[in-house]
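Single-structure report; data block below.
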Amino acid sequence: MTQQPMPQDTDGASQCSVQQRSRLPNFLVIGAQKSATTWLWSLLQQHPDIFMPDRKELNYFCYYPLHRWEGWKGPLRSMSLGQYSDVYFSAVAGEKAIGEATPAYLWVADSHPEWLWVRQQGHRWDTPAVVRDLLGPDVKLLAVLRNPVDRAVSAFHHHQLHGTVAKEARIMDVAGEHGIVHIGFYYEHLRAWMKNFDRANFLIQVMEEDLADPAGAMRAAYQFLGVDATFSPIGADTPIHIGTPGGVVTREDRQALWEIFRGDIERLEILLDRDLSIWKPRE
């Protein structure tokens, strides 16, 4: 797949002031979309030693050095790294962990082009390298992964709700649009990230396990970020919202999706040295 040339960096990390640099994130929640990242973000925000902006999904490193200042529907305009620090992190007040949550950061691999029909213009494939160049090699990276079949169905319903996919559409007819399927190739996306960061930089959680023990999932996240893991945020035991009902998805649709993801899941188990049988279809 041919990549379009991206704008060159005109104000990188070296041009930030000392104060601006000191406020930049030392951790990112990178995904995955429709995998309880809003729940994670809301509980991380509550910790007294963690700073996160009130706005989720900044998408800054997806489009760097351009940015949607007015929100995800706004136009792309230039934003330097120093401006990013000033706009979103000026209220940092000595917190140990500084971060932001953008689930789209995970979506970086350009493999499986047969399932990549539509992608937002300007979205970078080299986000991991951009993050390393701008935030350094020690930034911590949190990812929550959901059964990719369930995630695809949830994304399909999301796009139906927001009008980006027709309400009468069938999931397999639009599976290549908006990352409905493509975002679920977790092995490919994480491998791209791990080419730029050491494995120790990552905390990778499984949403279905978080559902079973949400308080334990939060303790693990706090411990990973080096903050007090005994802190109890409000809502840690609240059931995680897992999506909005939408159009009919048949058993045959789900089986077709499973066959698409099966090989990637097997490779992901090896990459993470982790059993993911929790995602296998029930007989």
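Labels for the structure tokens follow display order: chains A, B, ..., residues from 1 in each chain, ligands from 1.
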For Ala221 in chain A, work out the shell of residues within 10 Å, counting only C-alpha atoms and skipping chain neighbours fewer than 5 positions away, then give it as an mmCIF file with N, CA and C atoms, in the first residue's frame.
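Writing done, so here's result-v3.cif:
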data_model
loop_
_atom_site.group_PDB
_atom_site.id
_atom_site.type_symbol
_atom_site.label_atom_id
_atom_site.label_comp_id
_atom_site.auth_asym_id
_atom_site.auth_seq_id
_atom_site.Cartn_x
_atom_site.Cartn_y
_atom_site.Cartn_z
ATOM 1 N N LEU A 40 -11.323 2.846 31.594
ATOM 2 C CA LEU A 40 -9.963 2.930 32.117
ATOM 3 C C LEU A 40 -9.541 4.381 32.287
ATOM 4 N N LEU A 43 -11.098 6.141 35.352
ATOM 5 C CA LEU A 43 -10.574 5.722 36.647
ATOM 6 C C LEU A 43 -9.124 6.155 36.837
ATOM 7 N N LEU A 44 -8.356 6.177 35.778
ATOM 8 C CA LEU A 44 -6.997 6.712 35.881
ATOM 9 C C LEU A 44 -7.032 8.185 36.265
ATOM 10 N N LEU A 142 -0.228 1.561 27.651
ATOM 11 C CA LEU A 142 -1.283 0.683 28.145
ATOM 12 C C LEU A 142 -2.235 0.338 27.003
ATOM 13 N N LEU A 203 1.824 -2.485 29.254
ATOM 14 C CA LEU A 203 0.869 -3.245 30.054
ATOM 15 C C LEU A 203 -0.289 -3.571 29.118
ATOM 16 N N ILE A 204 -0.478 -4.848 28.856
ATOM 17 C CA ILE A 204 -1.526 -5.275 27.929
ATOM 18 C C ILE A 204 -2.546 -6.087 28.712
ATOM 19 N N GLN A 205 -3.751 -5.557 28.808
ATOM 20 C CA GLN A 205 -4.821 -6.200 29.546
ATOM 21 C C GLN A 205 -5.863 -6.752 28.579
ATOM 22 N N ALA A 215 -11.562 -4.148 39.723
ATOM 23 C CA ALA A 215 -10.707 -3.527 40.735
ATOM 24 C C ALA A 215 -9.272 -4.027 40.598
ATOM 25 N N GLY A 216 -9.110 -5.307 40.314
ATOM 26 C CA GLY A 216 -7.776 -5.857 40.111
ATOM 27 C C GLY A 216 -7.103 -5.285 38.881
ATOM 28 N N GLY A 226 3.461 3.218 38.466
ATOM 29 C CA GLY A 226 4.304 3.610 39.590
ATOM 30 C C GLY A 226 3.634 4.518 40.589
ATOM 31 N N VAL A 227 2.294 4.443 40.679
ATOM 32 C CA VAL A 227 1.560 5.245 41.656
ATOM 33 C C VAL A 227 0.918 4.308 42.674
ATOM 34 N N ALA A 229 -1.052 1.877 44.347
ATOM 35 C CA ALA A 229 -1.996 0.901 43.800
ATOM 36 C C ALA A 229 -3.124 0.578 44.765
#
If you count only C-alpha atoms, which residues fall within 12 Å of Arg267 in chain A, apart from same-chain ones fewer than 2 positions away, as a ChimeraX atom specification? /A:185-191,261-265,269-276
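Nearest residue to Pro148 in chain A, choosing from A:Pro281, A:Gly99, A:Pro25, A:Gly12 and counting only C-alpha atoms: A:Pro281.
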Determine which residues of range 100-280 of chain A receive a DSSP assignment of alpha helix (DSSP H), computed from the backbone, and state them as a PyMOL selection string. chain A and resi 127-135+148-161+186-194+207-212+214-225+251-272
Output C-alpha atoms of each residue in that selection to a file, as a short mmCIF file (atom, residue, chain, number, x, y, z; two decimals), in the first residue's frame.
data_model
loop_
_atom_site.label_atom_id
_atom_site.label_comp_id
_atom_site.auth_asym_id
_atom_site.auth_seq_id
_atom_site.Cartn_x
_atom_site.Cartn_y
_atom_site.Cartn_z
CA THR A 127 2.67 6.63 15.04
CA PRO A 128 4.95 4.42 17.21
CA ALA A 129 8.07 6.04 15.74
CA VAL A 130 6.54 9.49 16.15
CA VAL A 131 5.78 8.78 19.81
CA ARG A 132 9.31 7.49 20.42
CA ASP A 133 10.88 10.50 18.73
CA LEU A 134 8.75 13.03 20.62
CA LEU A 135 8.21 11.43 24.03
CA PRO A 148 -11.74 -8.97 18.12
CA VAL A 149 -15.03 -10.46 16.91
CA ASP A 150 -16.96 -8.68 19.66
CA ARG A 151 -14.95 -5.53 19.08
CA ALA A 152 -15.77 -5.57 15.37
CA VAL A 153 -19.48 -6.01 16.12
CA SER A 154 -19.36 -3.16 18.64
CA ALA A 155 -17.58 -0.92 16.14
CA PHE A 156 -20.17 -1.82 13.48
CA HIS A 157 -23.00 -0.83 15.82
CA HIS A 158 -21.15 2.37 16.77
CA HIS A 159 -20.86 3.42 13.14
CA GLN A 160 -24.52 2.58 12.52
CA LEU A 161 -25.50 4.74 15.50
CA TYR A 186 -3.86 -6.82 17.37
CA TYR A 187 -0.77 -8.89 16.67
CA GLU A 188 0.12 -6.77 13.66
CA HIS A 189 -0.48 -3.48 15.45
CA LEU A 190 1.37 -4.44 18.63
CA ARG A 191 4.28 -5.87 16.67
CA ALA A 192 4.66 -2.46 15.00
CA TRP A 193 4.69 -0.80 18.41
CA MET A 194 7.16 -3.34 19.81
CA MET A 207 -11.07 -6.73 28.58
CA GLU A 208 -12.91 -9.95 29.36
CA GLU A 209 -10.57 -10.52 32.31
CA ASP A 210 -11.05 -6.90 33.41
CA LEU A 211 -14.82 -7.50 33.42
CA ALA A 212 -14.31 -10.35 35.86
CA PRO A 214 -12.25 -4.56 37.42
CA ALA A 215 -10.71 -3.53 40.74
CA GLY A 216 -7.78 -5.86 40.11
CA ALA A 217 -7.33 -4.45 36.62
CA MET A 218 -7.09 -0.94 38.04
CA ARG A 219 -4.57 -1.99 40.67
CA ALA A 220 -2.42 -3.48 37.93
CA ALA A 221 -2.63 -0.25 35.92
CA TYR A 222 -1.71 1.90 38.92
CA GLN A 223 1.19 -0.37 39.80
CA PHE A 224 2.45 -0.28 36.21
CA LEU A 225 2.42 3.54 36.29
CA ARG A 251 -24.00 -16.56 13.85
CA GLU A 252 -22.62 -16.99 10.33
CA ASP A 253 -21.29 -13.42 10.43
CA ARG A 254 -19.55 -14.08 13.74
CA GLN A 255 -18.04 -17.31 12.42
CA ALA A 256 -16.76 -15.47 9.34
CA LEU A 257 -15.17 -12.85 11.58
CA TRP A 258 -13.58 -15.54 13.74
CA GLU A 259 -11.99 -17.13 10.69
CA ILE A 260 -10.58 -13.71 9.71
CA PHE A 261 -9.00 -13.20 13.13
CA ARG A 262 -7.99 -16.76 14.04
CA GLY A 263 -4.44 -16.60 12.69
CA ASP A 264 -3.76 -13.19 14.19
CA ILE A 265 -4.95 -14.39 17.61
CA GLU A 266 -2.65 -17.41 17.44
CA ARG A 267 0.31 -15.18 16.63
CA LEU A 268 -0.73 -12.77 19.39
CA GLU A 269 -0.67 -15.60 21.94
CA ILE A 270 2.95 -16.28 20.99
CA LEU A 271 3.91 -12.59 21.00
CA LEU A 272 2.43 -12.03 24.45
#
Minimum-distance residue to Lys167 in chain A, chosen among A:Trp39, A:Asp126, A:Gly246, A:Ala97 (using only C-alpha atoms):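 The closest residue to Lys167 in chain A is A:Gly246.
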From the set A:Pro113, A:Pro137, A:Pro233, A:Gly247, which residue has the shortest atom-to-atom contact distance to Val181 in chain A, counting only C-alpha atoms?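 Distance minimum relative to Val181 in chain A lands on A:Pro113.
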Please provide the set of residues having any atom within 12 Å of Ala104 in chain A, restricted to only C-alpha atoms, with same-chain residues fewer than 5 positions apart removed, written as a VMD selection string. chain A and resid 28 to 35 37 56 to 63 72 109 119 to 120 123 to 125 127 to 128 143 178 to 179 182 to 184 189
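You will find CA of Phe89 in chain A at 9.7 Å from CA of Ser22 in chain A.
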Name the residues of range 20-232 of chain A that fall into strand (DSSP E or B) according to DSSP on the backbone, using the chain letters and numbers of this document, as a ChimeraX atom specification. /A:27-31,50-51,66-68,76-78,97-101,140-145,202-206
With a distance cut-off of 10 Å and only C-alpha atoms, select the neighbouring residues of Gln15 in chain A, excluding the residue or stretch itself and same-chain residues fewer than 5 positions from it, and output the selection as a list in words.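 The residues that qualify are Thr10, Gln20, Arg21, Ser80, Leu81 and Gly82 of chain A.
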Determine the nearest neighbour of Asn147 in chain A from the options A:Gly74, A:Val165, A:Val206, A:Gln83, counting only C-alpha atoms.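 Checking each of A:Gly74, A:Val165, A:Val206, A:Gln83 against Asn147 in chain A, counting only C-alpha atoms, the winner is A:Val206.
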Closest of A:Lys140, A:Lys73, A:His162, A:Arg55 to Phe197 in chain A - atom-to-atom distances counting only C-alpha atoms: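 Smallest distance to Phe197 in chain A is found for A:Lys140.
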